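First comes the structure, then the notes that go with it.
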Amino acid sequence: MNFKNDVEAADALARSFKSLTNEIAKVVVGQDDVVRLVLTSIFCQGHSLLVGVPGLAKTLLVHTIATSLDLQFKRIQFTPDLMPSDIVGAETMDKERNFQFVKGPIFANVVLADEINRTPPKTQAALLESMQEYAVTIAGVNYSLPRPFFVLATQNPIEQEGTYPLPEAQLDRFMFNIQLDYPSYQQEVAIVKNTTNDVAQSVNKIISGEEIVVFQHLVRRVPIADNVVEYAVKLSQSTRPGKNGSPIATELLEWGAGPRASQFLVLGAKCNALINGKYSPDIEDVQAVAKPVFRHRIVRNFKAEADGVTVDEIIDRLMK
């Protein structure tokens with residue numbers, strides 16, 4: 001896949017994004033914003049956390065995206081008895097009584113970690129190490145994961161019995177926290193019609209893993225004005241309570257976002273610009289990814305919780 005220059009590559013990325021969204025829409029009705037954010041995180045080489053109540057097609061969405069991207073897909077159902085070796089693999093003894101490494105489901109391009117908060121911290125850590133290092137170490141041997149590699153984890157926000165919430169330091173590994181909402185009336189009618197007949201919608205493969213890697217490098221090469229970078233950093237700093245933060249953060253937040261949030265704001269803005277046909281991001285592109293970047297990185301204080309102020313409302317106020 002050769003392009004004459006980065007402008008030609010940027011145009012190809014915008015076309016591929018449009019084709020992908022059209023293909024995914026054959027199976028997944030609505031959720032346009034969710035699809036946009038998941039694809040943005042993939043092109044930025046990031047991981048996403050999908051939060052929504054059961055029945056909102058989180059698993060179907062991830063599987064459809066993996067199919068349209070022509071990537072190897074593995075699903076791990078997280079349960080309280082899941083062990084780290086069930087994710088990364090383990091050494092076993094073959095017939096000749098020699099040890100051999102049997103790869104776990106983490107060795108795929110797209111890994112769906114279903115209900116990640118249902119498993120203990122030790123098992124969560126095995127997955128999160130892979131996300132950070134793009135490799136696993138078994139018995140002192142380092143095994144690289146295939147590229148491209150993404151983890152799309154799901155979390156159920158209402159059923160908290162028997163769950164192990166991810167610590168903030170582990171949540172920080174995810175580029176986006178994407179919230180799925182109920183479909184509209186018209187969308188739900190379309191969903192019911194599509195899923196109660198005998199016609200199976202097939203999804204065509206739009207781009208390959210090699211093309212995704214090319215686009216990932218392209219996103220990082222996108223030029224960005226200093227004032228846009230400065231805005232992203234100021235926005236991140238405004239979430240931190242104290243003398244450097246904003247009065248809103250001091251009043252409503254216990255903890256703010258770290259420097260990784262600034263990095264993801266800039267990367268997300270670059271990709272958002274490309275998929276919308278622009279060659280350089282502006283402040284609106286930063287704002288377009290601010291909520292999914294900040295949601296899992298800022299912690300409300302007692303006053304905000306008592307007053308019923310949501311994280312999204314706080315982010316809106318900070319951006320104003």
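Residues are referred to by chain and number: the chain letter is A, B, ... according to the order shown in the structure tokens, the number counts from 1 in that chain, and ligands are numbered separately from 1 in the order shown.
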Please provide the set of residues having any atom within 12 Å of range 120-132 of chain A, restricted to only C-alpha atoms, with same-chain residues fewer than 4 positions apart removed, written as an mmCIF file with N, CA and C atoms, in the first residue's frame.
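Result file part16.cif:
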```
data_model
loop_
_atom_site.group_PDB
_atom_site.id
_atom_site.type_symbol
_atom_site.label_atom_id
_atom_site.label_comp_id
_atom_site.auth_asym_id
_atom_site.auth_seq_id
_atom_site.Cartn_x
_atom_site.Cartn_y
_atom_site.Cartn_z
ATOM 1 N N GLN A 45 -4.029 3.761 17.649
ATOM 2 C CA GLN A 45 -3.322 2.686 18.342
ATOM 3 C C GLN A 45 -3.634 2.719 19.841
ATOM 4 N N GLY A 46 -4.905 2.945 20.150
ATOM 5 C CA GLY A 46 -5.337 2.978 21.544
ATOM 6 C C GLY A 46 -6.354 1.883 21.827
ATOM 7 N N HIS A 47 -6.695 1.728 23.101
ATOM 8 C CA HIS A 47 -7.682 0.739 23.535
ATOM 9 C C HIS A 47 -8.907 1.478 24.063
ATOM 10 N N SER A 48 -10.067 0.832 23.999
ATOM 11 C CA SER A 48 -11.301 1.484 24.438
ATOM 12 C C SER A 48 -12.063 0.635 25.438
ATOM 13 N N ILE A 76 -12.823 -12.902 25.162
ATOM 14 C CA ILE A 76 -12.550 -13.488 26.475
ATOM 15 C C ILE A 76 -13.683 -13.082 27.404
ATOM 16 N N PHE A 78 -14.844 -12.592 30.856
ATOM 17 C CA PHE A 78 -14.217 -12.463 32.172
ATOM 18 C C PHE A 78 -15.168 -12.950 33.267
ATOM 19 N N THR A 79 -14.657 -13.839 34.111
ATOM 20 C CA THR A 79 -15.426 -14.413 35.215
ATOM 21 C C THR A 79 -14.545 -14.388 36.469
ATOM 22 N N PRO A 80 -15.151 -14.534 37.662
ATOM 23 C CA PRO A 80 -14.350 -14.479 38.896
ATOM 24 C C PRO A 80 -13.258 -15.548 38.986
ATOM 25 N N ASP A 81 -13.432 -16.684 38.281
ATOM 26 C CA ASP A 81 -12.431 -17.747 38.375
ATOM 27 C C ASP A 81 -11.439 -17.750 37.216
ATOM 28 N N LEU A 82 -11.466 -16.712 36.383
ATOM 29 C CA LEU A 82 -10.528 -16.633 35.250
ATOM 30 C C LEU A 82 -9.112 -16.401 35.765
ATOM 31 N N MET A 83 -8.163 -17.146 35.234
ATOM 32 C CA MET A 83 -6.763 -17.043 35.647
ATOM 33 C C MET A 83 -5.947 -16.278 34.588
ATOM 34 N N PRO A 84 -4.827 -15.656 34.988
ATOM 35 C CA PRO A 84 -3.978 -14.972 34.000
ATOM 36 C C PRO A 84 -3.572 -15.877 32.834
ATOM 37 N N SER A 85 -3.301 -17.168 33.116
ATOM 38 C CA SER A 85 -2.903 -18.096 32.051
ATOM 39 C C SER A 85 -4.029 -18.331 31.050
ATOM 40 N N ASP A 86 -5.285 -18.116 31.463
ATOM 41 C CA ASP A 86 -6.415 -18.254 30.541
ATOM 42 C C ASP A 86 -6.422 -17.136 29.503
ATOM 43 N N ILE A 87 -5.674 -16.061 29.774
ATOM 44 C CA ILE A 87 -5.606 -14.915 28.860
ATOM 45 C C ILE A 87 -4.339 -14.970 28.015
ATOM 46 N N VAL A 88 -3.193 -15.089 28.677
ATOM 47 C CA VAL A 88 -1.927 -14.977 27.949
ATOM 48 C C VAL A 88 -1.412 -16.315 27.444
ATOM 49 N N GLY A 89 -1.883 -17.427 28.028
ATOM 50 C CA GLY A 89 -1.381 -18.744 27.643
ATOM 51 C C GLY A 89 -0.492 -19.324 28.736
ATOM 52 N N GLY A 104 -2.416 -17.997 24.444
ATOM 53 C CA GLY A 104 -3.773 -17.729 24.904
ATOM 54 C C GLY A 104 -4.508 -16.825 23.921
ATOM 55 N N PRO A 105 -5.778 -16.493 24.218
ATOM 56 C CA PRO A 105 -6.585 -15.677 23.292
ATOM 57 C C PRO A 105 -6.103 -14.241 23.136
ATOM 58 N N ILE A 106 -5.146 -13.800 23.980
ATOM 59 C CA ILE A 106 -4.615 -12.444 23.833
ATOM 60 C C ILE A 106 -3.848 -12.301 22.517
ATOM 61 N N PHE A 107 -3.418 -13.427 21.932
ATOM 62 C CA PHE A 107 -2.664 -13.386 20.674
ATOM 63 C C PHE A 107 -3.632 -13.276 19.492
ATOM 64 N N ALA A 108 -4.245 -12.104 19.370
ATOM 65 C CA ALA A 108 -5.155 -11.797 18.268
ATOM 66 C C ALA A 108 -5.021 -10.311 17.976
ATOM 67 N N ASN A 109 -5.607 -9.857 16.874
ATOM 68 C CA ASN A 109 -5.550 -8.426 16.547
ATOM 69 C C ASN A 109 -6.553 -7.617 17.362
ATOM 70 N N VAL A 110 -7.769 -8.141 17.459
ATOM 71 C CA VAL A 110 -8.820 -7.474 18.241
ATOM 72 C C VAL A 110 -9.254 -8.420 19.346
ATOM 73 N N VAL A 111 -9.083 -7.987 20.585
ATOM 74 C CA VAL A 111 -9.463 -8.807 21.736
ATOM 75 C C VAL A 111 -10.623 -8.119 22.453
ATOM 76 N N LEU A 112 -11.744 -8.827 22.541
ATOM 77 C CA LEU A 112 -12.894 -8.318 23.289
ATOM 78 C C LEU A 112 -12.821 -8.868 24.707
ATOM 79 N N ALA A 113 -12.595 -7.992 25.673
ATOM 80 C CA ALA A 113 -12.575 -8.382 27.086
ATOM 81 C C ALA A 113 -13.972 -8.114 27.646
ATOM 82 N N ASP A 114 -14.817 -9.134 27.615
ATOM 83 C CA ASP A 114 -16.221 -8.975 27.991
ATOM 84 C C ASP A 114 -16.381 -8.938 29.506
ATOM 85 N N GLU A 115 -16.993 -7.857 29.996
ATOM 86 C CA GLU A 115 -17.231 -7.663 31.437
ATOM 87 C C GLU A 115 -15.923 -7.772 32.224
ATOM 88 N N ILE A 116 -15.001 -6.879 31.884
ATOM 89 C CA ILE A 116 -13.651 -6.902 32.456
ATOM 90 C C ILE A 116 -13.669 -6.743 33.972
ATOM 91 N N VAL A 136 3.884 -10.365 26.008
ATOM 92 C CA VAL A 136 3.689 -11.075 27.272
ATOM 93 C C VAL A 136 4.986 -11.831 27.590
ATOM 94 N N THR A 137 5.248 -11.998 28.871
ATOM 95 C CA THR A 137 6.448 -12.728 29.298
ATOM 96 C C THR A 137 6.022 -13.974 30.064
ATOM 97 N N ILE A 138 6.409 -15.128 29.543
ATOM 98 C CA ILE A 138 6.103 -16.414 30.170
ATOM 99 C C ILE A 138 7.411 -17.154 30.424
ATOM 100 N N ASN A 142 10.011 -13.525 26.294
ATOM 101 C CA ASN A 142 9.130 -12.450 25.856
ATOM 102 C C ASN A 142 8.508 -12.791 24.503
ATOM 103 N N TYR A 143 7.180 -12.758 24.438
ATOM 104 C CA TYR A 143 6.460 -13.055 23.190
ATOM 105 C C TYR A 143 5.732 -11.790 22.730
ATOM 106 N N SER A 144 6.036 -11.338 21.506
ATOM 107 C CA SER A 144 5.377 -10.148 20.965
ATOM 108 C C SER A 144 3.972 -10.488 20.494
ATOM 109 N N LEU A 145 3.060 -9.544 20.673
ATOM 110 C CA LEU A 145 1.686 -9.725 20.207
ATOM 111 C C LEU A 145 1.594 -9.279 18.745
ATOM 112 N N PRO A 146 0.631 -9.825 17.996
ATOM 113 C CA PRO A 146 0.498 -9.428 16.587
ATOM 114 C C PRO A 146 0.103 -7.961 16.469
ATOM 115 N N ARG A 147 0.515 -7.335 15.398
ATOM 116 C CA ARG A 147 0.127 -5.941 15.136
ATOM 117 C C ARG A 147 -0.756 -5.901 13.898
ATOM 118 N N PRO A 148 -1.756 -5.045 13.857
ATOM 119 C CA PRO A 148 -2.207 -4.173 14.939
ATOM 120 C C PRO A 148 -2.859 -4.964 16.078
ATOM 121 N N PHE A 149 -2.862 -4.366 17.277
ATOM 122 C CA PHE A 149 -3.422 -5.028 18.452
ATOM 123 C C PHE A 149 -4.264 -4.030 19.241
ATOM 124 N N PHE A 150 -5.514 -4.396 19.497
ATOM 125 C CA PHE A 150 -6.408 -3.529 20.280
ATOM 126 C C PHE A 150 -7.183 -4.358 21.284
ATOM 127 N N VAL A 151 -7.396 -3.776 22.439
ATOM 128 C CA VAL A 151 -8.303 -4.374 23.427
ATOM 129 C C VAL A 151 -9.533 -3.480 23.517
ATOM 130 N N LEU A 152 -10.689 -4.088 23.306
ATOM 131 C CA LEU A 152 -11.959 -3.391 23.481
ATOM 132 C C LEU A 152 -12.672 -4.088 24.636
ATOM 133 N N ALA A 153 -12.682 -3.437 25.784
ATOM 134 C CA ALA A 153 -13.259 -4.041 26.990
ATOM 135 C C ALA A 153 -14.664 -3.509 27.218
ATOM 136 N N GLY A 162 -20.506 -8.808 42.821
ATOM 137 C CA GLY A 162 -19.506 -9.732 42.279
ATOM 138 C C GLY A 162 -18.579 -9.103 41.263
ATOM 139 N N THR A 163 -18.357 -7.784 41.378
ATOM 140 C CA THR A 163 -17.453 -7.117 40.432
ATOM 141 C C THR A 163 -16.218 -6.593 41.163
ATOM 142 N N TYR A 164 -15.164 -6.377 40.382
ATOM 143 C CA TYR A 164 -13.904 -5.831 40.894
ATOM 144 C C TYR A 164 -13.581 -4.592 40.054
ATOM 145 N N PRO A 165 -14.038 -3.419 40.467
ATOM 146 C CA PRO A 165 -13.814 -2.216 39.653
ATOM 147 C C PRO A 165 -12.335 -2.004 39.355
ATOM 148 N N LEU A 166 -12.041 -1.557 38.131
ATOM 149 C CA LEU A 166 -10.654 -1.314 37.741
ATOM 150 C C LEU A 166 -10.112 -0.094 38.482
ATOM 151 N N PRO A 167 -8.907 -0.187 39.065
ATOM 152 C CA PRO A 167 -8.292 0.992 39.694
ATOM 153 C C PRO A 167 -8.025 2.072 38.654
ATOM 154 N N ALA A 169 -5.403 3.748 37.985
ATOM 155 C CA ALA A 169 -4.137 3.585 37.251
ATOM 156 C C ALA A 169 -4.298 2.610 36.090
ATOM 157 N N GLN A 170 -5.166 1.617 36.246
ATOM 158 C CA GLN A 170 -5.391 0.658 35.157
ATOM 159 C C GLN A 170 -6.369 1.222 34.133
ATOM 160 N N LEU A 171 -7.363 1.972 34.603
ATOM 161 C CA LEU A 171 -8.294 2.616 33.668
ATOM 162 C C LEU A 171 -7.552 3.573 32.736
ATOM 163 N N ASP A 172 -6.469 4.167 33.250
ATOM 164 C CA ASP A 172 -5.712 5.149 32.480
ATOM 165 C C ASP A 172 -5.080 4.542 31.233
ATOM 166 N N ARG A 173 -4.954 3.213 31.188
ATOM 167 C CA ARG A 173 -4.377 2.552 29.995
ATOM 168 C C ARG A 173 -5.327 2.652 28.793
ATOM 169 N N PHE A 174 -6.613 2.847 29.066
ATOM 170 C CA PHE A 174 -7.591 2.945 27.974
ATOM 171 C C PHE A 174 -7.600 4.369 27.425
ATOM 172 N N MET A 175 -7.553 4.472 26.109
ATOM 173 C CA MET A 175 -7.608 5.802 25.490
ATOM 174 C C MET A 175 -8.975 6.445 25.717
#
```
Handout entry: Shell around Leu274 in chain A at 8 Å using only C-alpha atoms, local window under 2 positions removed, as a list in words
Key =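 Selected residues are Ala10, Asp11, Leu13, Ala14, Val219, Lys270, Cys271, Asn272, Asn276, Gly277, Lys278, Tyr279, Ser280 and Pro281 of chain A.
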Pull C-alpha atoms from the residues just selected and write them as an mmCIF file, in the first residue's frame.
```cif
data_model
loop_
_atom_site.group_PDB
_atom_site.id
_atom_site.type_symbol
_atom_site.label_atom_id
_atom_site.label_comp_id
_atom_site.auth_asym_id
_atom_site.auth_seq_id
_atom_site.Cartn_x
_atom_site.Cartn_y
_atom_site.Cartn_z
ATOM 1 C CA ALA A 10 -5.134 11.218 4.463
ATOM 2 C CA ASP A 11 -7.760 11.188 1.699
ATOM 3 C CA LEU A 13 -8.135 7.256 5.422
ATOM 4 C CA ALA A 14 -11.221 9.494 5.146
ATOM 5 C CA VAL A 219 -2.128 9.947 12.311
ATOM 6 C CA LYS A 270 -5.540 14.473 14.775
ATOM 7 C CA CYS A 271 -7.552 11.387 13.798
ATOM 8 C CA ASN A 272 -10.886 13.214 14.147
ATOM 9 C CA ASN A 276 -13.626 14.587 8.610
ATOM 10 C CA GLY A 277 -11.498 15.457 5.580
ATOM 11 C CA LYS A 278 -9.194 17.982 7.290
ATOM 12 C CA TYR A 279 -5.389 17.850 7.194
ATOM 13 C CA SER A 280 -4.783 19.489 10.574
ATOM 14 C CA PRO A 281 -6.889 19.509 13.770
#
```
Exercise for the section: May I have the residues within 7 Å of Glu254 in chain A as a list in words, using only C-alpha atoms and disregarding those fewer than 3 positions away in the same chain? Expected result: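 With the cut-off at 7 Å, the set is Pro241, Val299, Arg300 and Asn301 of chain A.
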Go ahead and write the selection's residues with N, CA and C atoms as a PDB file, in the first residue's frame.
```pdb
ATOM      1  N   PRO A 241      -7.758  19.581  40.669  1.00  0.00           N
ATOM      2  CA  PRO A 241      -8.070  20.489  41.787  1.00  0.00           C
ATOM      3  C   PRO A 241      -6.788  21.095  42.358  1.00  0.00           C
ATOM      4  N   VAL A 299     -12.138  12.046  38.926  1.00  0.00           N
ATOM      5  CA  VAL A 299     -12.913  11.453  40.016  1.00  0.00           C
ATOM      6  C   VAL A 299     -13.684  12.558  40.729  1.00  0.00           C
ATOM      7  N   ARG A 300     -15.008  12.413  40.770  1.00  0.00           N
ATOM      8  CA  ARG A 300     -15.855  13.412  41.447  1.00  0.00           C
ATOM      9  C   ARG A 300     -15.641  13.357  42.961  1.00  0.00           C
ATOM     10  N   ASN A 301     -15.808  14.496  43.627  1.00  0.00           N
ATOM     11  CA  ASN A 301     -15.751  14.505  45.084  1.00  0.00           C
ATOM     12  C   ASN A 301     -17.154  14.297  45.673  1.00  0.00           C
TER      13      ASN A 301
END
```
Problem - Option closest in space to Ala12 in chain A, from A:Arg297, A:Ile314, A:Ile206, A:Val266 [counting only C-alpha atoms] - result: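 Closest candidate: A:Ile206.
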Practice task
Can you work out which one of A:Thr92, A:Gly258, A:Asn98, A:Phe43 has the shortest atom-to-atom distance to Arg220 in chain A, counting only C-alpha atoms?
Solution key: A:Phe43
Handout entry: Nearest to Val222 in chain A, chosen from A:Val62, A:Ala306, A:Val199, A:Ala269, with only C-alpha atoms counted in the distances
Key =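 Closest to Val222 in chain A of all the choices is A:Ala269.
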Exercise for the section: Might you pull out every residue within 12 Å of Ser19 in chain A, with only C-alpha atoms counted and same-chain residues fewer than 6 positions away left off, and present them as a PyMOL selection string? Expected result: chain A and resi 12-13+25-26+39+65+68-69+203-207+275
Atoms to include: N, CA and C atoms. Write the selected residues as a short mmCIF file (atom, residue, chain, number, x, y, z; two decimals), in the first residue's frame.
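Below is the file that was written, result27.cif:
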```
data_model
loop_
_atom_site.label_atom_id
_atom_site.label_comp_id
_atom_site.auth_asym_id
_atom_site.auth_seq_id
_atom_site.Cartn_x
_atom_site.Cartn_y
_atom_site.Cartn_z
N ALA A 12 -7.26 8.81 1.62
CA ALA A 12 -7.59 7.38 1.65
C ALA A 12 -8.17 6.97 3.00
N LEU A 13 -7.62 7.55 4.08
CA LEU A 13 -8.13 7.26 5.42
C LEU A 13 -9.57 7.75 5.56
N ALA A 25 -22.88 -0.18 9.66
CA ALA A 25 -24.28 0.21 9.82
C ALA A 25 -25.25 -0.84 9.26
N LYS A 26 -24.75 -1.75 8.41
CA LYS A 26 -25.61 -2.85 7.92
C LYS A 26 -26.09 -3.73 9.07
N LEU A 39 -13.39 3.42 16.10
CA LEU A 39 -12.48 3.47 14.95
C LEU A 39 -11.36 4.50 15.16
N ILE A 65 -16.94 -4.75 13.78
CA ILE A 65 -15.80 -3.90 13.45
C ILE A 65 -14.59 -4.75 13.09
N SER A 68 -15.06 -6.17 9.57
CA SER A 68 -14.91 -5.18 8.50
C SER A 68 -13.45 -4.76 8.34
N LEU A 69 -12.65 -4.94 9.40
CA LEU A 69 -11.22 -4.58 9.34
C LEU A 69 -10.34 -5.75 8.91
N VAL A 203 -20.97 -8.82 6.34
CA VAL A 203 -20.13 -7.63 6.38
C VAL A 203 -18.90 -7.86 5.52
N ASN A 204 -18.64 -6.94 4.60
CA ASN A 204 -17.47 -7.05 3.73
C ASN A 204 -16.22 -6.53 4.43
N LYS A 205 -15.09 -7.08 4.07
CA LYS A 205 -13.82 -6.63 4.64
C LYS A 205 -13.37 -5.39 3.87
N ILE A 206 -13.15 -4.30 4.59
CA ILE A 206 -12.85 -3.02 3.95
C ILE A 206 -11.35 -2.74 3.89
N ILE A 207 -10.67 -2.86 5.02
CA ILE A 207 -9.22 -2.62 5.01
C ILE A 207 -8.50 -3.72 5.81
N ILE A 275 -10.59 11.99 9.62
CA ILE A 275 -11.81 11.29 9.19
C ILE A 275 -12.88 12.27 8.74
#
```
Practice task
Name the residues of range 114-308 of chain A that fall into alpha helix (DSSP H) according to DSSP on the backbone, using the chain letters and numbers of this document, as a PyMOL selection string.
Solution key: chain A and resi 121-133+168-171+185-195+209-221+226-237+247-252+259-275+283-294+302-307
Exercise for the section: Choose the residue, out of A:His63, A:Lys74, A:Lys103, A:His217, that has the smallest atom-to-atom separation from Ala90 in chain A; count only C-alpha atoms. Expected result: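 Nearest to Ala90 in chain A: A:Lys103.
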What parts of range 36-235 of chain A does DSSP call strand (DSSP E or B)? I'd like the answer as a tab-separated table (two decimals) with N, CA and C atoms, in the first residue's frame.
```tsv
chain	number	residue	atom	x	y	z
A	48	SER	N	-10.07	0.83	24.00
A	48	SER	CA	-11.30	1.48	24.44
A	48	SER	C	-12.06	0.64	25.44
A	49	LEU	N	-12.76	1.34	26.34
A	49	LEU	CA	-13.63	0.71	27.32
A	49	LEU	C	-15.06	1.09	26.96
A	50	LEU	N	-15.89	0.08	26.66
A	50	LEU	CA	-17.29	0.32	26.29
A	50	LEU	C	-18.18	0.08	27.51
A	51	VAL	N	-18.90	1.10	27.93
A	51	VAL	CA	-19.73	1.01	29.13
A	51	VAL	C	-21.19	1.15	28.73
A	73	PHE	N	-10.08	-11.99	15.45
A	73	PHE	CA	-10.87	-11.55	16.59
A	73	PHE	C	-10.96	-12.67	17.62
A	74	LYS	N	-10.74	-12.33	18.89
A	74	LYS	CA	-10.91	-13.29	19.99
A	74	LYS	C	-11.73	-12.63	21.09
A	75	ARG	N	-12.61	-13.43	21.69
A	75	ARG	CA	-13.42	-12.92	22.80
A	75	ARG	C	-13.04	-13.66	24.08
A	76	ILE	N	-12.82	-12.90	25.16
A	76	ILE	CA	-12.55	-13.49	26.48
A	76	ILE	C	-13.68	-13.08	27.40
A	77	GLN	N	-14.43	-14.06	27.90
A	77	GLN	CA	-15.50	-13.78	28.85
A	77	GLN	C	-14.89	-13.76	30.25
A	89	GLY	N	-1.88	-17.43	28.03
A	89	GLY	CA	-1.38	-18.74	27.64
A	89	GLY	C	-0.49	-19.32	28.74
A	90	ALA	N	0.01	-20.52	28.51
A	90	ALA	CA	0.82	-21.19	29.54
A	90	ALA	C	1.74	-22.22	28.88
A	91	GLU	N	2.75	-22.61	29.62
A	91	GLU	CA	3.65	-23.67	29.16
A	91	GLU	C	3.06	-25.03	29.53
A	92	THR	N	3.01	-25.93	28.55
A	92	THR	CA	2.53	-27.28	28.79
A	92	THR	C	3.59	-28.28	28.33
A	93	MET	N	3.40	-29.53	28.70
A	93	MET	CA	4.37	-30.56	28.31
A	93	MET	C	3.81	-31.38	27.15
A	99	PHE	N	8.72	-28.91	27.30
A	99	PHE	CA	7.81	-27.79	27.54
A	99	PHE	C	7.60	-27.01	26.24
A	100	GLN	N	6.34	-26.65	25.99
A	100	GLN	CA	6.04	-25.78	24.86
A	100	GLN	C	4.99	-24.75	25.29
A	101	PHE	N	5.10	-23.57	24.69
A	101	PHE	CA	4.18	-22.48	25.05
A	101	PHE	C	2.93	-22.55	24.18
A	102	VAL	N	1.77	-22.63	24.83
A	102	VAL	CA	0.49	-22.61	24.13
A	102	VAL	C	-0.10	-21.21	24.28
A	103	LYS	N	-0.24	-20.52	23.16
A	103	LYS	CA	-0.69	-19.13	23.19
A	103	LYS	C	-2.15	-19.03	23.64
A	110	VAL	N	-7.77	-8.14	17.46
A	110	VAL	CA	-8.82	-7.47	18.24
A	110	VAL	C	-9.25	-8.42	19.35
A	111	VAL	N	-9.08	-7.99	20.58
A	111	VAL	CA	-9.46	-8.81	21.74
A	111	VAL	C	-10.62	-8.12	22.45
A	112	LEU	N	-11.74	-8.83	22.54
A	112	LEU	CA	-12.89	-8.32	23.29
A	112	LEU	C	-12.82	-8.87	24.71
A	113	ALA	N	-12.59	-7.99	25.67
A	113	ALA	CA	-12.58	-8.38	27.09
A	113	ALA	C	-13.97	-8.11	27.65
A	114	ASP	N	-14.82	-9.13	27.61
A	114	ASP	CA	-16.22	-8.97	27.99
A	114	ASP	C	-16.38	-8.94	29.51
A	135	ALA	N	3.22	-7.14	24.47
A	135	ALA	CA	3.97	-8.40	24.58
A	135	ALA	C	3.60	-9.05	25.90
A	136	VAL	N	3.88	-10.37	26.01
A	136	VAL	CA	3.69	-11.08	27.27
A	136	VAL	C	4.99	-11.83	27.59
A	137	THR	N	5.25	-12.00	28.87
A	137	THR	CA	6.45	-12.73	29.30
A	137	THR	C	6.02	-13.97	30.06
A	138	ILE	N	6.41	-15.13	29.54
A	138	ILE	CA	6.10	-16.41	30.17
A	138	ILE	C	7.41	-17.15	30.42
A	141	VAL	N	10.55	-15.73	28.95
A	141	VAL	CA	10.63	-15.53	27.50
A	141	VAL	C	9.58	-14.49	27.10
A	142	ASN	N	10.01	-13.53	26.29
A	142	ASN	CA	9.13	-12.45	25.86
A	142	ASN	C	8.51	-12.79	24.50
A	143	TYR	N	7.18	-12.76	24.44
A	143	TYR	CA	6.46	-13.06	23.19
A	143	TYR	C	5.73	-11.79	22.73
A	144	SER	N	6.04	-11.34	21.51
A	144	SER	CA	5.38	-10.15	20.97
A	144	SER	C	3.97	-10.49	20.49
A	150	PHE	N	-5.51	-4.40	19.50
A	150	PHE	CA	-6.41	-3.53	20.28
A	150	PHE	C	-7.18	-4.36	21.28
A	151	VAL	N	-7.40	-3.78	22.44
A	151	VAL	CA	-8.30	-4.37	23.43
A	151	VAL	C	-9.53	-3.48	23.52
A	152	LEU	N	-10.69	-4.09	23.31
A	152	LEU	CA	-11.96	-3.39	23.48
A	152	LEU	C	-12.67	-4.09	24.64
A	153	ALA	N	-12.68	-3.44	25.78
A	153	ALA	CA	-13.26	-4.04	26.99
A	153	ALA	C	-14.66	-3.51	27.22
A	154	THR	N	-15.54	-4.37	27.74
A	154	THR	CA	-16.90	-3.93	28.06
A	154	THR	C	-17.10	-3.98	29.56
A	155	GLN	N	-18.00	-3.12	30.03
A	155	GLN	CA	-18.29	-3.05	31.46
A	155	GLN	C	-19.77	-2.75	31.63
A	176	PHE	N	-10.04	5.68	25.46
A	176	PHE	CA	-11.41	6.20	25.54
A	176	PHE	C	-12.26	5.40	26.51
A	177	ASN	N	-13.17	6.08	27.18
A	177	ASN	CA	-14.29	5.46	27.88
A	177	ASN	C	-15.53	5.86	27.07
A	178	ILE	N	-16.10	4.88	26.36
A	178	ILE	CA	-17.22	5.16	25.45
A	178	ILE	C	-18.52	4.66	26.07
A	179	GLN	N	-19.46	5.55	26.23
A	179	GLN	CA	-20.73	5.17	26.85
A	179	GLN	C	-21.78	4.89	25.77
```
Can you build me a table of range 250-275 of chain A residues sitting at most 7 Å from range 287-294 of chain A, with the closest atom pair per residue and its distance in Å to one decimal, using only C-alpha atoms, sorted by chain and residue number, as CSV?
```
residue,atom,partner,partner_atom,distance
A:Ala257,CA,A:Phe294,CA,6.7
A:Ala261,CA,A:Val293,CA,6.2
A:Phe264,CA,A:Val293,CA,6.9
A:Leu265,CA,A:Ala290,CA,6.5
A:Gly268,CA,A:Val289,CA,6.2
A:Ala269,CA,A:Val289,CA,6.7
```
